[in-house]
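What follows is work-v6.txt (compact mmCIF, C-alpha atoms and all ligand atoms).
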```
# COMPACT_ATOMS: atom_id res chain seq x y z
CA MET E 1 29.63 34.91 10.72
CA LEU E 2 27.63 31.75 11.39
CA ARG E 3 28.51 28.83 9.17
CA GLU E 4 25.61 27.62 7.09
CA SER E 5 25.08 24.71 4.72
CA PRO E 6 25.66 25.78 1.10
CA TYR E 7 22.46 24.00 0.11
CA PRO E 8 19.39 26.23 -0.17
CA MET E 9 16.53 25.25 2.15
CA VAL E 10 13.56 23.83 0.24
CA SER E 11 10.08 23.32 1.62
CA VAL E 12 8.52 19.87 2.06
CA SER E 13 6.31 20.43 -0.97
CA GLU E 14 9.22 21.66 -3.13
CA ALA E 15 11.26 18.63 -2.08
CA THR E 16 8.38 16.29 -2.91
CA ALA E 17 7.86 17.93 -6.30
CA LEU E 18 11.59 17.65 -7.13
CA ILE E 19 11.58 13.96 -6.24
CA MET E 20 8.39 13.11 -8.08
CA ALA E 21 9.63 14.96 -11.20
CA HIS E 22 12.44 12.38 -11.39
CA VAL E 23 10.28 9.29 -10.95
CA GLN E 24 9.24 7.22 -13.95
CA PRO E 25 7.45 3.91 -13.32
CA LEU E 26 9.77 0.99 -14.01
CA ARG E 27 9.02 -1.27 -16.97
CA SER E 28 6.44 -4.00 -16.57
CA GLU E 29 6.84 -7.76 -16.56
CA GLU E 30 4.47 -10.68 -16.91
CA ILE E 31 3.94 -12.52 -13.62
CA ASP E 32 1.71 -15.14 -12.01
CA ALA E 33 -1.45 -13.31 -11.01
CA LEU E 34 -2.69 -15.51 -8.21
CA THR E 35 0.37 -15.16 -5.95
CA ALA E 36 1.02 -11.48 -6.78
CA LEU E 37 -0.11 -9.95 -3.49
CA GLY E 38 0.96 -6.30 -3.30
CA ARG E 39 2.11 -6.03 -6.91
CA VAL E 40 0.81 -3.14 -9.02
CA LEU E 41 -1.02 -3.77 -12.29
CA ALA E 42 0.66 -2.27 -15.35
CA SER E 43 -2.38 -2.57 -17.61
CA ASP E 44 -6.14 -2.52 -17.23
CA VAL E 45 -7.86 -5.86 -16.77
CA VAL E 46 -11.00 -6.28 -18.90
CA SER E 47 -13.28 -9.23 -18.29
CA PRO E 48 -13.08 -11.75 -21.15
CA GLU E 49 -16.45 -13.25 -20.20
CA ASP E 50 -19.78 -12.86 -18.46
CA ILE E 51 -20.01 -14.06 -14.87
CA PRO E 52 -22.13 -16.11 -14.55
CA ASP E 53 -21.83 -17.38 -18.11
CA VAL E 54 -25.22 -19.16 -18.04
CA PRO E 55 -28.32 -18.43 -15.93
CA LYS E 56 -28.00 -20.18 -12.59
CA SER E 57 -30.14 -20.84 -9.59
CA ALA E 58 -29.41 -18.42 -6.75
CA MET E 59 -30.82 -20.77 -4.08
CA ASP E 60 -31.80 -24.39 -3.37
CA GLY E 61 -35.35 -25.05 -4.64
CA TYR E 62 -37.22 -25.68 -7.89
CA ALA E 63 -36.77 -24.29 -11.39
CA LEU E 64 -40.07 -23.62 -13.18
CA ARG E 65 -41.98 -21.37 -15.57
CA ALA E 66 -43.42 -18.22 -13.99
CA ALA E 67 -46.34 -18.25 -16.48
CA ASP E 68 -47.72 -21.45 -14.88
CA GLY E 69 -48.86 -19.30 -11.95
CA LEU E 70 -49.91 -21.17 -8.80
CA ALA E 71 -50.71 -24.45 -10.57
CA PRO E 72 -49.01 -27.57 -9.13
CA ARG E 73 -46.01 -28.75 -11.22
CA ARG E 74 -44.84 -32.23 -12.07
CA ILE E 75 -41.22 -32.71 -10.93
CA VAL E 76 -39.17 -34.06 -13.83
CA GLY E 77 -35.60 -34.15 -12.50
CA GLU E 78 -32.92 -32.76 -10.27
CA LEU E 79 -30.07 -30.40 -11.17
CA THR E 80 -27.02 -29.94 -8.98
CA ALA E 81 -24.18 -27.44 -9.15
CA GLY E 82 -21.47 -28.75 -11.41
CA GLY E 83 -23.97 -30.92 -13.32
CA THR E 84 -23.51 -30.78 -17.05
CA ALA E 85 -26.75 -32.31 -18.39
CA THR E 86 -28.90 -29.76 -20.16
CA VAL E 87 -32.44 -30.54 -19.18
CA ALA E 88 -35.53 -28.92 -20.62
CA ILE E 89 -38.87 -28.44 -18.90
CA ALA E 90 -42.27 -28.09 -20.53
CA PRO E 91 -45.29 -26.09 -19.27
CA GLY E 92 -46.54 -27.56 -15.98
CA GLU E 93 -43.15 -29.02 -15.10
CA ALA E 94 -40.39 -28.17 -12.60
CA THR E 95 -37.01 -29.58 -11.60
CA ARG E 96 -35.37 -29.65 -8.23
CA ILE E 97 -32.37 -27.35 -8.47
CA MET E 98 -29.47 -26.58 -6.13
CA THR E 99 -27.67 -23.27 -5.59
CA GLY E 100 -25.33 -22.54 -8.48
CA ALA E 101 -26.78 -25.16 -10.86
CA PRO E 102 -27.46 -23.99 -14.43
CA MET E 103 -31.16 -23.33 -15.03
CA PRO E 104 -32.92 -25.91 -17.22
CA ILE E 105 -34.01 -24.84 -20.70
CA GLY E 106 -37.56 -23.54 -20.64
CA ALA E 107 -37.44 -22.41 -16.99
CA ASP E 108 -37.43 -18.66 -16.31
CA ALA E 109 -37.65 -18.54 -12.50
CA MET E 110 -36.98 -20.61 -9.42
CA ILE E 111 -38.55 -20.84 -6.02
CA PRO E 112 -36.62 -21.49 -2.80
CA VAL E 113 -37.38 -24.80 -1.12
CA GLU E 114 -38.63 -22.95 2.01
CA LEU E 115 -41.61 -21.61 0.05
CA THR E 116 -42.76 -24.98 -1.32
CA GLU E 117 -44.25 -28.36 -0.56
CA GLU E 118 -43.51 -31.56 -2.46
CA ARG E 119 -45.94 -34.53 -2.43
CA ASP E 120 -46.13 -37.59 -4.70
CA GLY E 121 -43.81 -36.13 -7.30
CA MET E 122 -45.72 -32.85 -7.45
CA LEU E 123 -44.62 -29.36 -6.42
CA TYR E 124 -47.05 -26.99 -4.65
CA ILE E 125 -46.32 -23.29 -4.31
CA GLN E 126 -48.22 -20.46 -2.62
CA ARG E 127 -46.52 -17.53 -4.22
CA GLU E 128 -46.69 -16.24 -7.79
CA LEU E 129 -43.32 -15.72 -9.45
CA LYS E 130 -42.07 -13.28 -12.05
CA PRO E 131 -39.63 -14.27 -14.79
CA GLY E 132 -36.09 -13.93 -13.38
CA ASP E 133 -37.07 -14.51 -9.73
CA TYR E 134 -34.15 -16.06 -7.79
CA VAL E 135 -32.20 -16.54 -11.01
CA HIS E 136 -28.57 -15.44 -11.15
CA SER E 137 -28.63 -13.98 -14.65
CA VAL E 138 -25.86 -13.94 -17.26
CA GLY E 139 -23.33 -11.14 -16.59
CA GLN E 140 -25.07 -10.13 -13.36
CA ASP E 141 -21.76 -10.14 -11.43
CA VAL E 142 -19.33 -9.16 -14.18
CA ARG E 143 -20.13 -8.22 -17.77
CA ARG E 144 -17.94 -9.32 -20.66
CA GLY E 145 -15.78 -6.35 -21.72
CA GLN E 146 -16.19 -4.60 -18.37
CA MET E 147 -13.00 -3.01 -17.00
CA VAL E 148 -12.64 -4.66 -13.61
CA LEU E 149 -9.18 -3.50 -12.48
CA ALA E 150 -7.34 -0.37 -13.60
CA ALA E 151 -3.61 -0.08 -14.22
CA GLY E 152 -2.00 1.34 -11.08
CA THR E 153 -4.06 -0.85 -8.73
CA ALA E 154 -2.17 -2.76 -6.04
CA LEU E 155 -3.39 -6.34 -5.78
CA GLY E 156 -5.04 -7.38 -2.52
CA ALA E 157 -7.08 -10.45 -1.62
CA ALA E 158 -10.23 -9.25 -3.40
CA GLU E 159 -8.36 -8.34 -6.59
CA ILE E 160 -6.61 -11.71 -6.68
CA GLY E 161 -9.95 -13.46 -6.20
CA LEU E 162 -11.41 -11.46 -9.07
CA LEU E 163 -8.57 -12.45 -11.38
CA ALA E 164 -9.08 -16.11 -10.40
CA THR E 165 -12.83 -15.80 -11.11
CA LEU E 166 -12.06 -14.58 -14.62
CA GLY E 167 -9.46 -17.27 -15.26
CA ILE E 168 -6.68 -14.69 -15.57
CA THR E 169 -3.55 -16.36 -14.23
CA ARG E 170 -0.91 -14.08 -15.81
CA ILE E 171 -0.84 -10.31 -15.57
CA ALA E 172 1.42 -7.40 -16.46
CA ALA E 173 2.81 -5.84 -13.27
CA TYR E 174 5.37 -3.12 -12.75
CA ARG E 175 8.78 -4.40 -11.81
CA GLN E 176 9.53 -4.12 -8.09
CA PRO E 177 12.21 -1.49 -7.45
CA ARG E 178 15.48 -2.85 -6.08
CA VAL E 179 16.57 -0.55 -3.30
CA ALA E 180 20.10 -0.68 -1.87
CA VAL E 181 20.82 0.59 1.64
CA LEU E 182 24.21 1.75 2.85
CA ALA E 183 24.89 2.66 6.47
CA THR E 184 27.82 4.99 7.09
CA GLY E 185 29.77 5.93 10.19
CA ASP E 186 32.98 4.96 11.96
CA GLU E 187 30.95 4.52 15.16
CA VAL E 188 28.36 2.23 13.55
CA VAL E 189 28.58 -1.55 14.10
CA GLU E 190 26.63 -4.67 13.08
CA PRO E 191 23.91 -5.30 15.71
CA GLY E 192 25.09 -8.88 16.33
CA SER E 193 28.78 -8.09 16.78
CA GLU E 194 30.86 -6.97 19.74
CA ARG E 195 30.14 -3.33 20.59
CA PRO E 196 33.13 -1.21 21.62
CA GLY E 197 32.26 1.48 24.17
CA GLY E 198 30.48 4.38 22.51
CA ALA E 199 29.74 2.51 19.30
CA VAL E 200 26.21 2.61 17.88
CA ARG E 201 24.43 -0.45 16.55
CA ASP E 202 23.24 -0.11 13.00
CA SER E 203 19.49 0.15 13.42
CA ASN E 204 18.91 2.34 10.38
CA ARG E 205 19.88 -0.19 7.73
CA TYR E 206 17.59 -2.84 9.21
CA ALA E 207 14.69 -0.45 9.81
CA LEU E 208 15.02 0.98 6.29
CA MET E 209 15.21 -2.47 4.70
CA ALA E 210 12.00 -3.43 6.51
CA ALA E 211 10.33 -0.19 5.39
CA ILE E 212 11.49 -0.84 1.82
CA ARG E 213 9.91 -4.29 1.88
CA GLU E 214 6.71 -2.87 3.35
CA ALA E 215 6.67 -0.37 0.45
CA GLY E 216 6.62 -3.30 -2.00
CA CYS E 217 10.30 -3.18 -3.01
CA ILE E 218 13.27 -5.52 -2.83
CA PRO E 219 15.89 -4.37 -0.31
CA ILE E 220 19.61 -4.95 -0.86
CA SER E 221 22.05 -4.50 2.02
CA LEU E 222 25.34 -2.77 1.25
CA GLY E 223 26.61 -3.08 4.81
CA ILE E 224 28.35 -0.33 6.74
CA ALA E 225 30.91 2.01 5.14
CA ARG E 226 33.60 3.77 7.16
CA ASP E 227 33.75 7.56 7.01
CA ASP E 228 36.30 7.47 4.23
CA ILE E 229 35.49 9.08 0.89
CA ASP E 230 37.01 6.27 -1.20
CA VAL E 231 35.28 3.54 0.78
CA GLN E 232 31.94 5.33 0.50
CA ARG E 233 32.39 6.09 -3.23
CA GLN E 234 33.13 2.43 -3.85
CA ALA E 235 30.06 1.31 -1.86
CA ILE E 236 27.77 3.80 -3.62
CA LEU E 237 28.96 2.69 -7.07
CA GLN E 238 28.54 -0.94 -6.10
CA GLY E 239 24.99 -0.17 -4.90
CA LEU E 240 24.07 1.65 -8.11
CA ASP E 241 25.21 -1.39 -10.10
CA GLN E 242 22.60 -3.58 -8.45
CA ALA E 243 19.73 -1.26 -7.62
CA ASP E 244 17.23 1.25 -9.02
CA VAL E 245 17.38 3.34 -5.88
CA LEU E 246 20.13 3.89 -3.32
CA ILE E 247 19.52 5.02 0.24
CA THR E 248 22.36 6.06 2.52
CA SER E 249 22.14 6.62 6.26
CA GLY E 250 24.25 9.23 8.05
CA GLY E 251 27.00 11.51 6.82
CA VAL E 252 24.77 14.29 5.47
CA SER E 253 25.18 16.83 8.30
CA MET E 254 27.78 19.56 8.81
CA GLY E 255 30.52 17.44 10.42
CA THR E 256 33.97 17.09 8.89
CA ARG E 257 33.23 13.37 8.36
CA ASP E 258 29.94 13.99 6.60
CA LEU E 259 30.99 12.99 3.09
CA ILE E 260 27.79 11.92 1.35
CA LYS E 261 26.71 15.26 -0.13
CA PRO E 262 30.05 16.05 -1.81
CA LEU E 263 30.24 12.46 -3.07
CA LEU E 264 26.76 12.62 -4.63
CA ALA E 265 27.62 15.98 -6.20
CA GLU E 266 30.77 14.40 -7.66
CA LEU E 267 28.93 11.36 -9.05
CA GLY E 268 25.68 12.98 -10.17
CA THR E 269 23.33 15.89 -9.49
CA VAL E 270 22.16 16.93 -6.05
CA HIS E 271 18.61 18.33 -6.36
CA PHE E 272 18.35 19.42 -2.76
CA GLY E 273 20.47 19.06 0.34
CA ARG E 274 18.37 20.71 3.01
CA ILE E 275 14.65 20.70 3.81
CA ALA E 276 12.65 22.92 6.14
CA PHE E 277 11.50 19.83 7.95
CA LYS E 278 11.86 18.25 11.36
CA PRO E 279 13.14 15.62 11.99
CA GLY E 280 15.47 15.30 8.99
CA LYS E 281 16.65 18.74 7.85
CA PRO E 282 19.81 17.47 6.03
CA THR E 283 17.87 14.92 3.94
CA THR E 284 19.43 14.94 0.48
CA PHE E 285 18.12 13.89 -2.92
CA ALA E 286 20.31 13.26 -5.96
CA THR E 287 20.19 11.44 -9.25
CA ILE E 288 23.11 9.53 -10.70
CA GLY E 289 22.24 8.63 -14.30
CA ASP E 290 18.66 7.38 -14.09
CA LYS E 291 19.03 6.14 -10.51
CA LEU E 292 17.55 7.93 -7.51
CA VAL E 293 19.69 8.47 -4.43
CA PHE E 294 18.42 9.53 -1.03
CA GLY E 295 20.90 10.62 1.63
CA LEU E 296 19.03 10.20 4.89
CA PRO E 297 20.25 11.54 8.24
CA GLY E 298 21.90 9.27 10.80
CA TYR E 299 19.58 9.77 13.72
CA PRO E 300 17.22 6.81 13.65
CA VAL E 301 13.97 8.76 13.88
CA SER E 302 15.07 11.32 11.28
CA SER E 303 16.07 8.51 8.99
CA LEU E 304 12.77 6.65 9.22
CA VAL E 305 10.50 9.71 9.18
CA SER E 306 12.37 11.13 6.15
CA PHE E 307 11.93 7.75 4.47
CA GLU E 308 8.20 7.81 5.18
CA VAL E 309 7.69 11.38 3.95
CA PHE E 310 10.08 11.57 0.97
CA VAL E 311 11.25 8.12 -0.09
CA ARG E 312 8.17 5.95 0.28
CA PRO E 313 6.00 7.95 -2.18
CA ALA E 314 8.83 7.73 -4.73
CA LEU E 315 9.08 3.95 -4.25
CA ARG E 316 5.32 3.55 -4.69
CA ALA E 317 5.34 5.76 -7.82
CA LEU E 318 8.29 3.80 -9.26
CA GLN E 319 6.17 0.66 -9.15
CA GLY E 320 3.28 2.44 -10.85
CA ASP E 321 0.99 2.90 -7.84
CA ALA E 322 -1.71 5.37 -8.91
CA THR E 323 -1.99 6.63 -5.30
CA PRO E 324 1.60 6.77 -4.00
CA PHE E 325 0.97 9.07 -1.03
CA ARG E 326 -0.32 8.18 2.41
CA PRO E 327 -3.80 9.50 3.08
CA GLN E 328 -3.91 12.90 4.77
CA ILE E 329 -6.53 13.23 7.48
CA GLU E 330 -7.49 15.86 10.04
CA VAL E 331 -7.05 14.92 13.70
CA THR E 332 -8.16 16.45 16.98
CA LEU E 333 -5.39 16.86 19.56
CA ALA E 334 -6.02 15.00 22.81
CA GLU E 335 -3.23 16.97 24.47
CA PRO E 336 -1.43 20.29 23.84
CA VAL E 337 1.22 20.20 21.10
CA ARG E 338 4.19 22.55 20.98
CA PRO E 339 5.48 23.48 17.53
CA SER E 340 9.10 23.84 16.58
CA PRO E 341 9.89 27.57 16.15
CA ASP E 342 11.74 27.37 12.84
CA ARG E 343 10.60 24.28 10.92
CA PRO E 344 7.38 22.34 10.26
CA GLU E 345 7.58 19.25 12.42
CA TYR E 346 6.24 15.77 11.70
CA GLN E 347 5.41 14.52 15.18
CA ARG E 348 4.77 10.83 15.73
CA ILE E 349 1.24 10.17 16.89
CA ILE E 350 -1.22 7.46 17.73
CA VAL E 351 -4.56 8.13 16.08
CA ARG E 352 -7.78 6.63 17.43
CA TYR E 353 -11.34 6.87 16.18
CA GLN E 354 -13.27 7.92 19.27
CA GLU E 355 -16.65 9.58 19.74
CA GLY E 356 -16.95 10.39 16.07
CA ARG E 357 -13.53 12.04 15.80
CA LEU E 358 -9.96 11.06 14.97
CA LEU E 359 -8.17 11.72 18.24
CA ALA E 360 -4.36 12.05 18.31
CA VAL E 361 -1.86 11.65 21.15
CA THR E 362 1.87 12.01 20.55
CA THR E 363 4.24 9.16 21.36
CA GLY E 364 6.05 11.19 24.02
CA SER E 365 9.43 12.88 23.65
CA GLN E 366 10.02 13.61 19.97
CA SER E 367 13.83 13.52 20.16
CA SER E 368 15.39 12.30 16.88
CA SER E 369 17.54 9.73 18.65
CA ARG E 370 14.56 8.15 20.37
CA LEU E 371 13.26 5.27 18.24
CA LEU E 372 10.61 4.70 20.91
CA SER E 373 8.90 7.81 19.52
CA LEU E 374 8.11 5.76 16.43
CA ARG E 375 7.03 2.58 18.18
CA GLY E 376 3.32 2.05 17.79
CA ALA E 377 2.82 5.29 15.87
CA ASN E 378 0.22 5.11 13.12
CA GLY E 379 0.46 8.71 12.03
CA LEU E 380 2.61 11.79 11.53
CA LEU E 381 1.14 15.04 12.80
CA LEU E 382 1.92 18.01 10.55
CA VAL E 383 2.75 20.81 13.00
CA PRO E 384 3.50 24.13 11.27
CA ALA E 385 6.49 26.14 12.54
CA GLY E 386 5.58 28.69 15.16
CA GLU E 387 5.71 29.85 18.76
CA THR E 388 2.19 29.18 19.98
CA THR E 389 1.20 25.88 21.55
CA TYR E 390 -1.82 24.17 19.99
CA PRO E 391 -4.23 23.47 22.86
CA ALA E 392 -5.98 20.13 23.32
CA GLY E 393 -9.09 20.08 21.13
CA SER E 394 -7.53 21.95 18.20
CA THR E 395 -7.26 20.22 14.84
CA LEU E 396 -4.22 19.65 12.63
CA PRO E 397 -3.56 17.64 9.46
CA ALA E 398 -1.80 14.29 9.77
CA LEU E 399 -0.55 11.51 7.51
CA LEU E 400 -2.05 8.14 8.32
CA THR E 401 0.89 5.74 8.10
CA GLY E 402 -0.60 2.69 9.78
CA GLN E 403 -3.85 1.12 10.79
CA LEU E 404 -6.41 3.31 12.51
CA LEU E 405 -7.05 2.26 16.12
CA LEU E 406 -10.31 2.17 18.01
P1 LIG G 1 25.45 11.46 11.29
O1 LIG G 1 24.28 12.02 10.55
O2 LIG G 1 26.27 10.56 10.46
O3 LIG G 1 26.23 12.54 11.96
O4 LIG G 1 24.83 10.57 12.45
C1 LIG G 1 24.15 11.14 13.50
C2 LIG G 1 23.95 10.14 14.63
O5 LIG G 1 23.04 9.13 14.19
C3 LIG G 1 25.18 9.36 15.03
O6 LIG G 1 25.86 9.99 16.06
C4 LIG G 1 24.65 8.03 15.51
O7 LIG G 1 24.36 8.09 16.88
C5 LIG G 1 23.37 7.89 14.76
N1 LIG G 1 23.51 6.93 13.67
C6 LIG G 1 24.23 7.07 12.53
N2 LIG G 1 24.12 6.01 11.74
C7 LIG G 1 23.29 5.15 12.40
C8 LIG G 1 22.77 3.86 12.09
N3 LIG G 1 23.07 3.24 10.93
N4 LIG G 1 21.95 3.27 12.98
C9 LIG G 1 21.64 3.90 14.14
N5 LIG G 1 22.09 5.12 14.48
C10 LIG G 1 22.91 5.75 13.62
MG MG G 2 28.15 9.83 10.57
```
Represent the supplied structure as structure tokens.
Amino acid sequence: MLRESPYPMVSVSEATALIMAHVQPLRSEEIDALTALGRVLASDVVSPEDIPDVPKSAMDGYALRAADGLAPRRIVGELTAGGTATVAIAPGEATRIMTGAPMPIGADAMIPVELTEERDGMLYIQRELKPGDYVHSVGQDVRRGQMVLAAGTALGAAEIGLLATLGITRIAAYRQPRVAVLATGDEVVEPGSERPGGAVRDSNRYALMAAIREAGCIPISLGIARDDIDVQRQAILQGLDQADVLITSGGVSMGTRDLIKPLLAELGTVHFGRIAFKPGKPTTFATIGDKLVFGLPGYPVSSLVSFEVFVRPALRALQGDATPFRPQIEVTLAEPVRPSPDRPEYQRIIVRYQEGRLLAVTTGSQSSSRLLSLRGANGLLLVPAGETTYPAGSTLPALLTGQLLL
């Protein structure tokens, strides 16, 4: 009889559901708002004031009363942005006014300088104005009490600018998950050290730590553990002490030195140990107490693709992101694509917007040891299991994992 893993095979969607069922956003903390790029808001932000707070001139020109019609006005002063004097104008009067300066009392419109003439202290206009013309009115940009940012929003440049506009310098943000990474394998060595023949440089730990940072989390390196159950137990426990999430690389297959699954079962609960998924079938998910543990495969591509598909959404959800998943799009194949007969395959692709369509080419050989199949990829093509090649021109769903190319 063929030897099979004792772990039942779950589908990608079952695996995702099992993971997400164990994710609770971490608690929030108060942080400086204006340097919080990438952090996720833990509470709604409501504007404490109207922007602008007083009526202001939208252009350089003259503030006046619309009711005076086309009659020439006597110019009684000049108002600049940042000026504090509150000036009043009477019927038949106008002031020079610069963009952003508060409107004088009594004025209800302004006229841009391009539409005027000024001679001997008098203003001449050719165009009738309505009250409010060229005036930036109170609350026109933001109303007091308006909800401007919802909890679950990740802060980008525009959001940070908005907080600065409103004078909000402290915000509640979800804590950033601390994510520990442990490489395993007797053949695995530090990239900078001497490499004995046949040894493999540890690319997974560095790639995963970079991916963890990109996902908004704080990576912690646990180094490389030998294929020894006591060494690995020790390293896992040490990782759980410092982190919210632990990721291991290697040691989850069917080899006699693949010790991670039994160790996780000993220390906690394994929720799945096998996924109908390529590359990354032995990807394992466990919880130990309230900590999440992902056992990722050793092959570099399997490790990083499994991270992208299963771990990244969990890391985004842990920090309260309201949209933790990558966007799913539909792409047109620029070349034929052969499915894997027994498992849905996530092929690495480069997606371009061309002639009104999203066109996908694969990154070449999809072997799980070939990190070059991930280089430059901005998408994962979801190829269902099957025997029949998808011809060029057919469409398939894909996850957009990077920036769309032109
Ligand atoms: P394993 O899943 O432990 O059997 O590992 C499968 C293969 O992945 C190994 O033979 C190595 O070639 C490779 N591998 C394991 N760990 C790493 C790592 N940290 N970095 C790069 N390659 C690795
Ligand atoms: Mg190994």
Padding of 5 Å on every side, edges along x, y and z, all listed atoms of ligand LIG 1 (chain G) included: what centre and edge lengths in Å, to one decimal, does that box have, as JSON?
```
{"center_x": 24.0, "center_y": 7.9, "center_z": 13.7, "size_x": 14.6, "size_y": 19.3, "size_z": 16.4}
```
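Using only C-alpha atoms and all ligand atoms, the nearest neighbour of ligand LIG 1 (chain G) within the list E:Ser137, E:Ser28, E:Thr256, E:Thr80 is E:Thr256.
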Select from chain E every residue with an atom at most 6 Å from any atom of ligand MG 2 (chain G), then for each give the shortest pair of atoms and their distance in Å to one decimal, using all atoms listed in the file, rows by chain and rising number, as a tab-separated table.
```
residue	atom	partner	partner_atom	distance
E:Thr184	CA	G:MG2	MG	6.0
E:Gly185	CA	G:MG2	MG	4.2
E:Gly250	CA	G:MG2	MG	4.7
E:Gly251	CA	G:MG2	MG	4.3
```
At most 8 Å from ligand LIG 1 (chain G) (all atoms listed in the file): residue list as a CSV table (one decimal) with C-alpha atoms, in the coordinates of the input:
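Result file out-v8.csv:
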```csv
chain,number,residue,atom,x,y,z
E,183,ALA,CA,24.9,2.7,6.5
E,184,THR,CA,27.8,5.0,7.1
E,185,GLY,CA,29.8,5.9,10.2
E,187,GLU,CA,31.0,4.5,15.2
E,188,VAL,CA,28.4,2.2,13.6
E,189,VAL,CA,28.6,-1.6,14.1
E,200,VAL,CA,26.2,2.6,17.9
E,201,ARG,CA,24.4,-0.4,16.6
E,202,ASP,CA,23.2,-0.1,13.0
E,203,SER,CA,19.5,0.2,13.4
E,204,ASN,CA,18.9,2.3,10.4
E,205,ARG,CA,19.9,-0.2,7.7
E,224,ILE,CA,28.4,-0.3,6.7
E,249,SER,CA,22.1,6.6,6.3
E,250,GLY,CA,24.2,9.2,8.0
E,251,GLY,CA,27.0,11.5,6.8
E,252,VAL,CA,24.8,14.3,5.5
E,253,SER,CA,25.2,16.8,8.3
E,254,MET,CA,27.8,19.6,8.8
E,255,GLY,CA,30.5,17.4,10.4
E,257,ARG,CA,33.2,13.4,8.4
E,258,ASP,CA,29.9,14.0,6.6
E,296,LEU,CA,19.0,10.2,4.9
E,297,PRO,CA,20.2,11.5,8.2
E,298,GLY,CA,21.9,9.3,10.8
E,299,TYR,CA,19.6,9.8,13.7
E,300,PRO,CA,17.2,6.8,13.6
E,369,SER,CA,17.5,9.7,18.6
```
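As for atom CA of Ile31 of chain E and atom CA of Leu222 of chain E, they are spaced 27.8 Å apart.
Reported to one decimal place, the separation of atom CA of Ser303 of chain E from atom CA of Gly216 of chain E is 18.7 Å.
With atom CA of Leu358 of chain E on one side and atom CA of Ala317 of chain E on the other, the separation reads 28.0 Å.
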### Nearest to Arg375 of chain E, chosen from E:Ala334, E:Cys217, E:Leu315, E:Val301, with all atoms listed in the file counted in the distances
E:Val301
### Query
Counting only C-alpha atoms, what is within 12 Å of Arg119 of chain E, bar same-chain residues fewer than 2 positions away, as a PyMOL selection string?
chain E and resi 72-75+116-117+121-125
